[in-house]
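S.K.: Please find model-v9.cif (mmCIF, C-alpha atoms and all ligand atoms) on the next line:
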```
data_entry
loop_
_atom_site.label_atom_id
_atom_site.label_comp_id
_atom_site.auth_asym_id
_atom_site.auth_seq_id
_atom_site.Cartn_x
_atom_site.Cartn_y
_atom_site.Cartn_z
CA MET A 16 55.12 -35.17 -4.41
CA LYS A 17 57.15 -33.93 -1.45
CA ARG A 18 55.16 -32.20 1.23
CA GLN A 19 56.29 -28.65 1.83
CA GLU A 20 55.94 -27.16 5.28
CA LYS A 21 56.81 -23.59 5.95
CA GLU A 22 56.94 -21.63 9.15
CA TYR A 23 54.39 -18.88 9.68
CA TYR A 24 53.38 -16.63 12.51
CA LEU A 25 49.68 -16.35 13.15
CA MET A 26 49.29 -12.62 13.56
CA HIS A 27 46.59 -10.50 15.15
CA LYS A 28 47.35 -7.25 13.38
CA ASP A 29 51.04 -6.87 14.35
CA ILE A 30 50.99 -9.19 17.37
CA PRO A 31 52.36 -12.70 16.74
CA VAL A 32 50.10 -15.09 18.65
CA CYS A 33 51.84 -18.31 17.66
CA LEU A 34 54.46 -19.79 15.39
CA MET A 35 53.43 -22.83 13.37
CA GLU A 36 54.21 -24.93 10.35
CA ILE A 37 51.75 -24.96 7.48
CA SER A 38 51.88 -27.27 4.46
CA ASP A 39 51.03 -26.15 0.94
CA GLU A 40 47.63 -27.69 1.47
CA GLY A 41 47.05 -25.61 4.56
CA ILE A 42 47.65 -28.38 7.12
CA VAL A 43 48.88 -26.86 10.38
CA SER A 44 51.37 -28.53 12.74
CA ASN A 45 53.86 -27.80 15.49
CA VAL A 46 51.95 -24.87 16.97
CA ARG A 47 53.97 -22.87 19.50
CA LYS A 48 51.90 -20.24 21.31
CA ASN A 49 53.26 -16.87 22.33
CA ALA A 50 52.50 -16.85 26.05
CA ASP A 51 52.82 -13.07 26.16
CA ALA A 52 49.92 -12.62 23.76
CA PHE A 53 47.56 -15.34 24.86
CA GLU A 54 44.54 -13.03 25.06
CA HIS A 55 45.04 -12.16 21.37
CA PHE A 56 44.92 -15.84 20.37
CA PRO A 57 41.66 -16.56 18.45
CA PRO A 58 39.01 -17.28 21.09
CA GLY A 59 37.77 -20.34 19.18
CA GLY A 60 41.20 -21.96 19.36
CA GLN A 61 42.13 -21.14 22.94
CA MET A 62 40.80 -24.25 24.66
CA ASN A 63 43.18 -26.79 23.08
CA ASP A 64 45.09 -27.76 19.93
CA MET A 65 42.16 -29.58 18.41
CA LYS A 66 39.98 -26.49 18.75
CA PHE A 67 42.73 -24.42 17.17
CA HIS A 68 42.93 -26.78 14.17
CA GLU A 69 39.16 -26.54 13.80
CA TRP A 70 39.34 -22.75 13.98
CA TRP A 71 41.96 -22.79 11.24
CA ASN A 72 40.08 -25.24 9.03
CA ASP A 73 36.87 -23.23 9.39
CA ARG A 74 38.72 -20.25 8.00
CA ALA A 75 38.97 -21.74 4.52
CA ILE A 76 36.14 -21.25 2.04
CA PRO A 77 33.82 -24.25 2.41
CA LYS A 78 34.51 -26.84 -0.29
CA THR A 79 30.75 -27.09 -0.63
CA ARG A 80 30.44 -23.45 -1.72
CA HIS A 81 28.71 -23.40 -5.08
CA GLY A 82 31.32 -23.05 -7.80
CA ALA A 83 34.26 -23.56 -5.42
CA LYS A 84 35.74 -26.49 -7.31
CA THR A 85 35.73 -24.68 -10.65
CA ALA A 86 37.17 -21.53 -9.11
CA LEU A 87 39.99 -23.43 -7.38
CA GLU A 88 40.90 -25.17 -10.61
CA ARG A 89 40.85 -21.99 -12.63
CA LEU A 90 43.03 -20.13 -10.18
CA GLY A 91 45.46 -23.01 -9.95
CA TYR A 92 44.85 -23.77 -6.27
CA SER A 93 44.97 -27.44 -5.32
CA SER A 94 42.50 -27.08 -2.42
CA THR A 95 40.65 -24.51 -0.30
CA GLY A 96 43.46 -24.90 2.28
CA ASN A 97 46.03 -24.10 -0.41
CA ALA A 98 44.04 -20.98 -1.38
CA LEU A 99 43.90 -19.95 2.28
CA VAL A 100 47.69 -20.10 2.70
CA ASN A 101 48.32 -18.35 -0.60
CA ASN A 102 46.15 -15.48 0.52
CA LEU A 103 47.78 -15.23 3.94
CA ALA A 104 44.46 -16.28 5.54
CA LEU A 105 43.33 -12.67 5.30
CA SER A 106 39.72 -11.82 5.89
CA LEU A 107 37.32 -8.90 6.02
CA SER A 108 35.77 -10.30 9.20
CA ASP A 109 38.72 -10.01 11.53
CA CYS A 110 42.36 -8.96 11.86
CA TYR A 111 44.06 -12.38 11.83
CA TRP A 112 46.54 -13.31 9.10
CA ILE A 113 49.64 -15.44 8.62
CA LYS A 114 53.11 -14.04 8.12
CA PRO A 115 55.81 -16.23 6.57
CA ARG A 116 58.57 -16.31 9.19
CA SER A 117 61.16 -15.20 6.68
CA GLU A 118 59.21 -12.23 5.34
CA ASN A 119 59.25 -8.71 6.62
CA LEU A 120 55.56 -7.89 6.35
CA ALA A 121 53.38 -5.75 8.59
CA TRP A 122 49.59 -5.51 9.05
CA LYS A 123 49.51 -2.23 7.14
CA ASP A 124 51.03 -4.00 4.11
CA VAL A 125 48.43 -6.74 3.96
CA SER A 126 45.17 -5.59 5.61
CA LEU A 127 42.23 -6.04 3.25
CA PHE A 128 40.54 -3.14 5.01
CA THR A 129 43.11 -0.70 3.65
CA ASN A 130 44.98 -2.37 0.76
CA HIS A 131 43.50 -2.77 -2.67
CA PHE A 132 42.38 -6.28 -3.57
CA VAL A 133 40.36 -8.14 -6.14
CA ASP A 134 38.43 -11.13 -4.87
CA THR A 135 39.23 -13.37 -7.82
CA PHE A 136 37.86 -16.48 -6.16
CA GLY A 137 34.57 -14.76 -5.43
CA GLU A 138 34.56 -13.23 -8.88
CA ILE A 139 34.68 -16.64 -10.48
CA THR A 140 32.19 -18.38 -8.21
CA ILE A 141 29.63 -15.62 -8.57
CA ASN A 142 30.12 -15.13 -12.23
CA LEU A 143 30.97 -18.58 -13.56
CA GLY A 144 32.16 -18.58 -17.11
CA HIS A 145 32.67 -14.86 -17.34
CA THR A 146 35.87 -14.06 -15.71
CA VAL A 147 39.34 -13.77 -16.95
CA ASP A 148 42.09 -14.52 -14.48
CA ILE A 149 42.82 -11.22 -12.82
CA ARG A 150 45.05 -12.65 -10.13
CA ASN A 151 48.00 -10.64 -11.28
CA GLU A 152 46.25 -7.38 -10.56
CA THR A 153 46.50 -7.90 -6.86
CA ARG A 154 48.68 -9.54 -4.25
CA PHE A 155 45.95 -10.63 -1.91
CA ASN A 156 42.59 -12.22 -2.40
CA CYS A 157 39.93 -13.25 0.05
CA ALA A 158 40.04 -16.94 0.72
CA THR A 159 38.20 -16.84 4.00
CA THR A 160 34.59 -15.74 3.69
CA GLN A 161 32.26 -18.30 5.27
CA GLY A 162 28.95 -19.49 3.88
CA GLU A 163 27.57 -21.70 1.18
CA LEU A 164 26.23 -19.16 -1.25
CA GLN A 165 28.40 -17.70 -3.97
CA LYS A 166 29.79 -14.39 -2.83
CA LYS A 167 32.52 -11.91 -3.50
CA TRP A 168 34.04 -8.91 -1.75
CA CYS A 169 34.40 -5.68 -3.70
CA ILE A 170 35.55 -2.13 -3.10
CA ASP A 171 33.45 0.83 -4.24
CA ASP A 172 34.72 4.18 -5.57
CA THR A 173 34.91 5.61 -2.07
CA GLY A 174 36.93 2.69 -0.74
CA LYS A 175 34.04 1.03 1.11
CA ARG A 176 34.15 -2.77 1.17
CA PHE A 177 30.95 -4.63 0.31
CA LEU A 178 29.92 -8.26 0.00
CA VAL A 179 27.88 -9.41 -3.01
CA LYS A 180 25.80 -12.57 -2.60
CA GLY A 181 24.10 -14.77 -5.15
CA ASN A 182 21.20 -17.21 -4.79
CA TYR A 183 20.67 -20.94 -4.98
CA GLY A 184 18.82 -22.24 -7.99
CA GLY A 185 17.03 -20.10 -10.53
CA SER A 186 15.15 -17.81 -8.15
CA TYR A 187 16.34 -14.52 -6.65
CA GLN A 188 14.26 -14.95 -3.54
CA GLN A 189 17.14 -15.27 -1.09
CA SER A 190 18.42 -11.86 -2.14
CA LEU A 191 14.95 -10.37 -2.16
CA ASN A 192 14.40 -11.79 1.33
CA GLU A 193 17.44 -9.87 2.58
CA LEU A 194 15.85 -6.63 1.39
CA PHE A 195 12.47 -7.63 2.79
CA ALA A 196 14.12 -8.22 6.19
CA SER A 197 15.97 -4.89 5.96
CA ASN A 198 12.61 -3.20 5.30
CA LEU A 199 11.01 -4.85 8.32
CA HIS A 200 13.86 -3.73 10.62
CA SER A 201 13.71 -0.24 9.20
CA GLN A 202 9.93 -0.03 9.78
CA GLN A 203 10.42 -1.25 13.34
CA GLY A 204 12.94 1.51 13.96
CA PHE A 205 15.50 -1.11 15.03
CA ASP A 206 19.02 0.13 14.37
CA ASN A 207 21.30 -2.90 14.61
CA TYR A 208 20.76 -4.60 11.27
CA THR A 209 22.76 -4.95 8.08
CA VAL A 210 21.23 -3.04 5.20
CA TYR A 211 21.04 -5.07 1.99
CA TYR A 212 20.77 -3.64 -1.52
CA LEU A 213 19.89 -5.31 -4.80
CA THR A 214 22.52 -5.69 -7.48
CA LYS A 215 22.67 -7.13 -11.00
CA LEU A 216 24.62 -10.33 -11.61
CA LYS A 217 25.21 -12.66 -14.51
CA THR A 218 24.18 -16.30 -14.33
CA GLU A 219 26.27 -19.24 -15.49
CA VAL A 220 24.57 -19.02 -18.88
CA ASP A 221 25.13 -15.30 -19.31
CA GLU A 222 21.69 -14.15 -18.30
CA ASP A 223 20.99 -11.15 -16.11
CA ALA A 224 20.09 -12.04 -12.55
CA LEU A 225 19.62 -10.29 -9.24
CA GLY A 226 21.78 -10.67 -6.17
CA CYS A 227 22.24 -8.50 -3.12
CA PHE A 228 25.08 -6.75 -1.35
CA SER A 229 25.83 -5.24 2.04
CA TYR A 230 28.61 -3.00 3.26
CA CYS A 231 31.18 -4.58 5.51
CA PHE A 232 30.37 -4.12 9.19
CA CYS A 233 34.00 -4.68 10.17
CA ASN A 234 37.00 -2.42 9.81
CA GLU A 235 40.47 -2.02 11.29
CA SER A 236 38.96 -1.20 14.67
CA VAL A 237 36.01 -3.58 14.61
CA GLU A 238 36.29 -7.33 14.05
CA SER A 239 33.61 -9.98 14.27
CA ILE A 240 33.53 -13.31 16.08
CA SER A 241 30.75 -15.76 15.28
CA ALA A 242 28.57 -17.28 17.97
CA TRP A 243 29.95 -20.61 16.78
CA GLU A 244 33.48 -19.50 17.61
CA LEU A 245 32.41 -18.10 20.98
CA LEU A 246 30.82 -21.43 21.82
CA GLN A 247 34.15 -23.18 21.26
CA THR A 248 35.41 -21.55 24.46
CA VAL A 249 33.08 -23.58 26.70
CA LYS A 250 32.11 -27.20 27.28
CA ILE A 251 28.62 -27.97 26.07
CA ARG A 252 26.47 -30.85 27.26
CA GLN A 253 25.12 -33.19 24.63
CA ASN A 254 21.74 -32.10 23.23
CA GLU A 255 21.86 -28.89 25.24
CA SER A 256 20.34 -25.83 23.55
CA LEU A 257 23.14 -23.40 22.72
CA TYR A 258 21.14 -20.38 23.88
CA TYR A 259 22.26 -20.27 27.52
CA PRO A 260 25.89 -21.29 26.81
CA LEU A 261 26.05 -18.45 24.27
CA LYS A 262 24.54 -16.06 26.79
CA ASP A 263 27.10 -17.11 29.42
CA VAL A 264 30.00 -16.59 27.01
CA CYS A 265 28.76 -13.19 25.84
CA LEU A 266 28.28 -12.03 29.42
CA GLY A 267 31.70 -13.46 30.29
CA PHE A 268 33.19 -11.35 27.50
CA GLY A 269 31.62 -8.28 29.08
CA MET A 270 28.27 -7.91 27.30
CA PRO A 271 25.57 -6.46 29.58
CA GLU A 272 22.71 -8.95 30.11
CA GLU A 273 20.20 -6.39 28.91
CA ALA A 274 22.08 -6.04 25.60
CA PHE A 275 22.10 -9.81 25.06
CA ASP A 276 18.42 -10.24 25.91
CA SER A 277 17.07 -7.36 23.89
CA PHE A 278 19.03 -8.25 20.73
CA MET A 279 18.07 -11.92 20.94
CA ASP A 280 14.43 -11.16 21.76
CA TYR A 281 14.12 -8.85 18.80
CA GLN A 282 15.95 -11.20 16.42
CA ILE A 283 13.94 -14.26 17.47
CA MET A 284 10.64 -12.43 17.04
CA THR A 285 11.49 -10.94 13.64
CA ASP A 286 12.96 -14.24 12.43
CA PHE A 287 9.64 -15.80 13.42
CA LEU A 288 7.73 -13.27 11.33
CA LEU A 289 10.04 -13.88 8.38
CA SER A 290 10.04 -17.68 8.82
CA ASN A 291 13.83 -17.52 8.83
CA THR A 292 14.89 -21.14 9.23
CA ASP A 293 18.64 -20.57 9.25
CA ARG A 294 19.68 -18.58 12.33
CA HIS A 295 22.54 -20.99 12.98
CA MET A 296 25.57 -20.07 15.02
CA ASN A 297 27.48 -18.64 12.07
CA ASN A 298 24.60 -16.30 11.37
CA ILE A 299 24.98 -14.53 14.71
CA SER A 300 28.20 -12.68 15.59
CA VAL A 301 29.58 -10.25 18.10
CA LEU A 302 31.94 -7.38 17.39
CA ARG A 303 35.08 -6.54 19.32
CA ASP A 304 37.85 -3.99 19.22
CA PRO A 305 40.94 -5.91 17.96
CA ASP A 306 43.31 -3.61 19.87
CA SER A 307 41.70 -3.39 23.31
CA LEU A 308 39.83 -6.73 22.82
CA ARG A 309 36.78 -5.02 24.29
CA LEU A 310 33.44 -6.53 23.24
CA LEU A 311 31.39 -3.93 21.39
CA GLY A 312 28.07 -5.76 21.13
CA PHE A 313 26.28 -7.86 18.54
CA ALA A 314 27.08 -7.56 14.85
CA PRO A 315 24.12 -6.06 12.99
CA ILE A 316 21.58 -8.77 12.08
CA TYR A 317 22.74 -10.36 8.80
CA ASP A 318 21.89 -13.30 6.56
CA SER A 319 18.12 -13.51 6.66
CA GLY A 320 17.98 -14.89 3.11
CA ASN A 321 16.86 -18.42 3.99
CA SER A 322 13.40 -17.31 4.98
CA MET A 323 9.90 -16.75 3.55
CA PHE A 324 9.66 -20.36 2.32
CA PHE A 325 12.33 -19.65 -0.29
CA ASN A 326 12.93 -23.35 -0.98
CA ALA A 327 9.37 -24.64 -0.60
CA SER A 328 7.63 -25.98 -3.66
CA PHE A 329 4.50 -24.18 -4.79
CA GLU A 330 2.36 -27.02 -3.39
CA THR A 331 4.07 -26.88 0.02
CA LEU A 332 3.65 -23.13 0.06
CA LYS A 333 -0.08 -23.43 -0.66
CA HIS A 334 -0.60 -25.84 2.22
CA ALA A 335 2.06 -24.59 4.59
CA ASP A 336 1.61 -25.52 8.24
CA ILE A 337 3.08 -22.52 10.01
CA LYS A 338 3.11 -24.17 13.43
CA SER A 339 5.49 -26.96 12.50
CA ILE A 340 8.29 -25.04 10.82
CA LYS A 341 11.73 -26.52 11.50
CA THR A 342 14.76 -24.28 11.99
CA HIS A 343 18.52 -24.55 12.28
CA SER A 344 18.88 -22.59 15.49
CA PHE A 345 18.80 -23.01 19.27
CA VAL A 346 15.87 -25.43 19.04
CA GLU A 347 14.38 -27.25 16.11
CA ARG A 348 10.77 -26.08 16.27
CA GLU A 349 10.52 -22.46 15.23
CA VAL A 350 7.60 -21.60 17.47
CA ARG A 351 9.54 -22.84 20.50
CA LEU A 352 12.28 -20.28 19.94
CA LEU A 353 9.79 -17.74 21.25
CA ARG A 354 10.14 -19.30 24.71
CA TYR A 355 13.48 -17.51 25.05
CA VAL A 356 11.92 -14.09 24.59
CA ALA A 357 11.89 -12.08 27.83
CA ASN A 358 10.52 -8.77 26.55
CA ARG A 359 7.70 -9.32 24.08
CA ASN A 360 7.29 -5.63 23.36
CA LEU A 361 10.42 -5.18 21.28
CA VAL A 362 8.52 -5.80 18.05
CA ASP A 363 5.57 -3.58 17.22
CA PRO A 364 2.82 -5.40 15.26
CA ASP A 365 1.53 -2.05 14.01
CA LYS A 366 4.85 -1.49 12.28
CA SER A 367 4.95 -4.96 10.76
CA GLU A 368 2.66 -4.57 7.74
CA MET A 369 4.90 -5.25 4.77
CA ASP A 370 4.99 -4.25 1.13
CA PHE A 371 5.38 -7.45 -0.92
CA SER A 372 6.05 -5.74 -4.25
CA ILE A 373 9.78 -6.48 -3.85
CA TYR A 374 8.99 -10.12 -4.73
CA GLU A 375 7.73 -9.01 -8.15
CA LYS A 376 11.40 -8.69 -9.05
CA ASP A 377 11.80 -12.48 -8.84
CA ILE A 378 11.72 -14.52 -12.05
CA PRO A 379 8.25 -14.41 -13.68
CA GLU A 380 7.49 -18.09 -12.89
CA ARG A 381 7.64 -17.33 -9.15
CA ARG A 382 5.21 -14.40 -9.09
CA GLY A 383 2.26 -16.72 -8.40
CA ARG A 384 3.82 -17.34 -5.01
CA ILE A 385 3.39 -13.78 -3.80
CA PRO A 386 -0.26 -14.01 -2.58
CA TYR A 387 0.66 -17.15 -0.62
CA LEU A 388 3.73 -15.53 0.89
CA LYS A 389 1.53 -12.67 1.99
CA LYS A 390 -1.07 -15.03 3.44
CA ILE A 391 1.54 -16.90 5.46
CA TYR A 392 3.16 -13.70 6.66
CA ASP A 393 -0.22 -12.31 7.77
CA LYS A 394 -0.92 -15.52 9.69
CA LYS A 395 2.49 -15.29 11.33
CA LEU A 396 1.83 -11.68 12.26
CA ARG A 397 -1.49 -12.63 13.85
CA LEU A 398 0.23 -15.36 15.85
CA LEU A 399 3.04 -13.04 16.91
CA THR A 400 0.49 -10.45 17.96
CA GLU A 401 -1.16 -13.06 20.19
CA PHE A 402 2.26 -13.87 21.60
CA ILE A 403 3.01 -10.22 22.27
CA GLY A 404 -0.38 -10.01 23.98
CA GLY A 405 0.76 -12.70 26.43
CA GLN A 406 -0.27 -16.00 24.82
CA ASP A 407 2.27 -18.83 24.92
CA ILE A 408 1.57 -19.89 21.36
CA TRP A 409 3.85 -22.95 21.43
CA LYS A 410 1.53 -24.68 23.90
CA GLU A 411 -0.65 -27.59 22.78
CA LYS A 412 -3.95 -25.75 22.84
CA TYR A 413 -2.61 -23.40 20.16
CA HIS A 414 -1.53 -26.24 17.93
CA LYS A 415 -4.53 -26.48 15.71
N1 LIG B 501 28.17 -7.05 5.66
C1 LIG B 501 29.06 -7.88 6.18
N2 LIG B 501 30.15 -7.39 6.83
C2 LIG B 501 31.06 -8.23 7.38
N3 LIG B 501 30.98 -9.56 7.33
C3 LIG B 501 29.93 -10.10 6.70
C4 LIG B 501 28.91 -9.30 6.10
N4 LIG B 501 27.98 -10.12 5.57
C5 LIG B 501 28.41 -11.37 5.81
N5 LIG B 501 29.57 -11.37 6.50
C6 LIG B 501 30.35 -12.55 6.92
O1 LIG B 501 30.35 -13.48 5.87
C7 LIG B 501 29.76 -14.71 6.29
C8 LIG B 501 28.90 -15.27 5.15
O2 LIG B 501 27.85 -14.36 4.84
P1 LIG B 501 26.34 -14.81 4.87
O3 LIG B 501 26.04 -15.44 6.18
O4 LIG B 501 25.52 -13.65 4.48
O5 LIG B 501 26.38 -15.90 3.70
P2 LIG B 501 25.58 -17.24 3.42
O6 LIG B 501 26.26 -17.98 2.36
O7 LIG B 501 24.18 -16.84 3.18
O8 LIG B 501 25.70 -18.07 4.73
P3 LIG B 501 25.00 -19.49 5.08
O9 LIG B 501 26.04 -20.52 4.87
O10 LIG B 501 24.68 -19.25 6.51
O11 LIG B 501 23.80 -19.63 4.22
C9 LIG B 501 28.94 -14.37 7.53
O12 LIG B 501 28.84 -15.48 8.38
C10 LIG B 501 29.74 -13.22 8.13
O13 LIG B 501 30.78 -13.70 8.93
MG MG B 502 25.43 -17.25 6.72
#
```
Starting from the file, give its structure as structure tokens.

M.R.:
Amino acid sequence: MKRQEKEYYLMHKDIPVCLMEISDEGIVSNVRKNADAFEHFPPGGQMNDMKFHEWWNDRAIPKTRHGAKTALERLGYSSTGNALVNNLALSLSDCYWIKPRSENLAWKDVSLFTNHFVDTFGEITINLGHTVDIRNETRFNCATTQGELQKKWCIDDTGKRFLVKGNYGGSYQQSLNELFASNLHSQQGFDNYTVYYLTKLKTEVDEDALGCFSYCFCNESVESISAWELLQTVKIRQNESLYYPLKDVCLGFGMPEEAFDSFMDYQIMTDFLLSNTDRHMNNISVLRDPDSLRLLGFAPIYDSGNSMFFNASFETLKHADIKSIKTHSFVEREVRLLRYVANRNLVDPDKSEMDFSIYEKDIPERRGRIPYLKKIYDKKLRLLTEFIGGQDIWKEKYHK
């Protein structure tokens, strides 16, 4: 088959930031940057061509997303790159998109924040086996949301965009964890978190299930950039923790040091309480104004689903060793993340008692886990209270 390359502008709203060729499979070549709009070029791709290609490739839905293969086949896309190009690389996270050179399109014609869309890809991956092809109802889909879990973007009656997420395996715990985390942040009186709600879903075998959803924290005047992307703007030494590089970049983009420290301190401490093992660099983002490019601060805490021993077997849960939890974050050992915390008073132990009844909504077979979840959480809270009181709980003498 003959390879087809077409010319596209990469657009930031209505500003062309480069002209490039893109094949049907989404392979980018011959990138020519617009020197007059360099500051609008995606930060993650500014350093060099290789970084730009990575930025582009990261924009496609991960092939590993549950149900992705089936959804691609059903929708007639040959690859995730092909789906990306066909959907003009539009996203509800930022204001980048691609404009075919020969077409007279403007941001207002394509923006997913203002134009109607149906996320057919998401619809199929979240609801395998249930969906008819509704591609013809809309011109643009979302082929760009990151993450491994099945998810889909929807629009409610008032026009608000929201993201529905499913769970791995048979349990609903990842979704329930999102609500549990929302409840903790609400009790703490912390205001920069994403509120999650429960929603009904159908499983692959037509059974009712529970998922969760959250309203989009981006809009036409607010776009998000992941910590991962920010880190592509600097050179990182091998094996270096990404904490200080991220701090340098955020401060370089104009974030006050106090804002960085207090958000990170709070997030690290609450992640510790929740045993969130997945605060990787795509699960932290900053927000910026796409017009002025001014940094607005951190995106509200999101994606706390991989927490509370969601994937531990019952036996592991019963004998959990809470001092040796491994995380995907700045350092591997969870307890050592606390070393970054400057102000230990940002979490109030007296506002950390939690109601565990939310977990009764999980499938019946998992209800026996609840007393153990509570026991672990209480232990964590005791440890965190010691930490807040001044004890460096990662030190050897606390390792019993
Ligand atoms: N409410 C929201 N508003 C805007 N963007 C969002 C929202 N929730 C999630 N996102 C974006 O979608 C991406 C995927 O969502 P999320 O991290 O919740 O999914 P996930 O599949 O659980 O991810 P992971 O692969 O980390 O497990 C996020 O990295 C973020 O960029
Ligand atoms: Mg995520």

S.K.: Pick out the residues sitting within 9 Å of Ala83 of chain A, and hand them over as a list in words; count only C-alpha atoms, and ignore anything fewer than 3 positions along from it in its own chain.

M.R.: Ile76, Pro77, Lys78, Thr79, Arg80, Ala86, Leu87, Glu88, Thr95, Phe136, Gly137, Ile139, Thr140 and Gln165 of chain A

S.K.: Which value, in Å to one decimal, gives the distance between atom CA of Glu20 of chain A and atom CA of Leu103 of chain A?

M.R.: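 Distance between the two atoms: 14.5 Å.
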
S.K.: Could you give me the residues within 9 Å of ligand LIG 501 (chain B), counting only C-alpha atoms and all ligand atoms, as number ranges by chain?

M.R.: A: 77, 80, 107-109, 159-166, 176-182, 189, 209-211, 228-234, 238-241, 293-300, 314-315, 317-321

S.K.: Counting all atoms listed in the file, find residues at most 7 Å from (29.4, -20.6, 26.7) (file frame) and give them as an NGL selection string.

M.R.: :A and (245-246 or 248-249 or 260-264)

S.K.: Could you check how far atom CA of Ile42 of chain A sits from atom CA of Ala98 of chain A, in Å to one decimal?

M.R.: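 Those two atoms sit 11.8 Å apart.
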
S.K.: Quick one: distance from atom CA of Phe67 of chain A to atom CA of Tyr111 of chain A in Å, one decimal?

M.R.: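 Rounded to one decimal, the two atoms are 13.2 Å apart.
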
S.K.: Considering only C-alpha atoms and all ligand atoms, can you say which of A:Tyr23, A:Tyr392, A:Trp243, A:Trp168 comes closest to ligand MG 502 (chain B)?

M.R.: A:Trp243

S.K.: Nearest to ligand MG 502 (chain B) among A:His200, A:Arg89, A:Lys376, A:His343, with distances taken over only C-alpha atoms and all ligand atoms: which residue is it?

M.R.: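 Going through A:His200, A:Arg89, A:Lys376, A:His343 one by one, the smallest distance to ligand MG 502 (chain B) is for A:His343.
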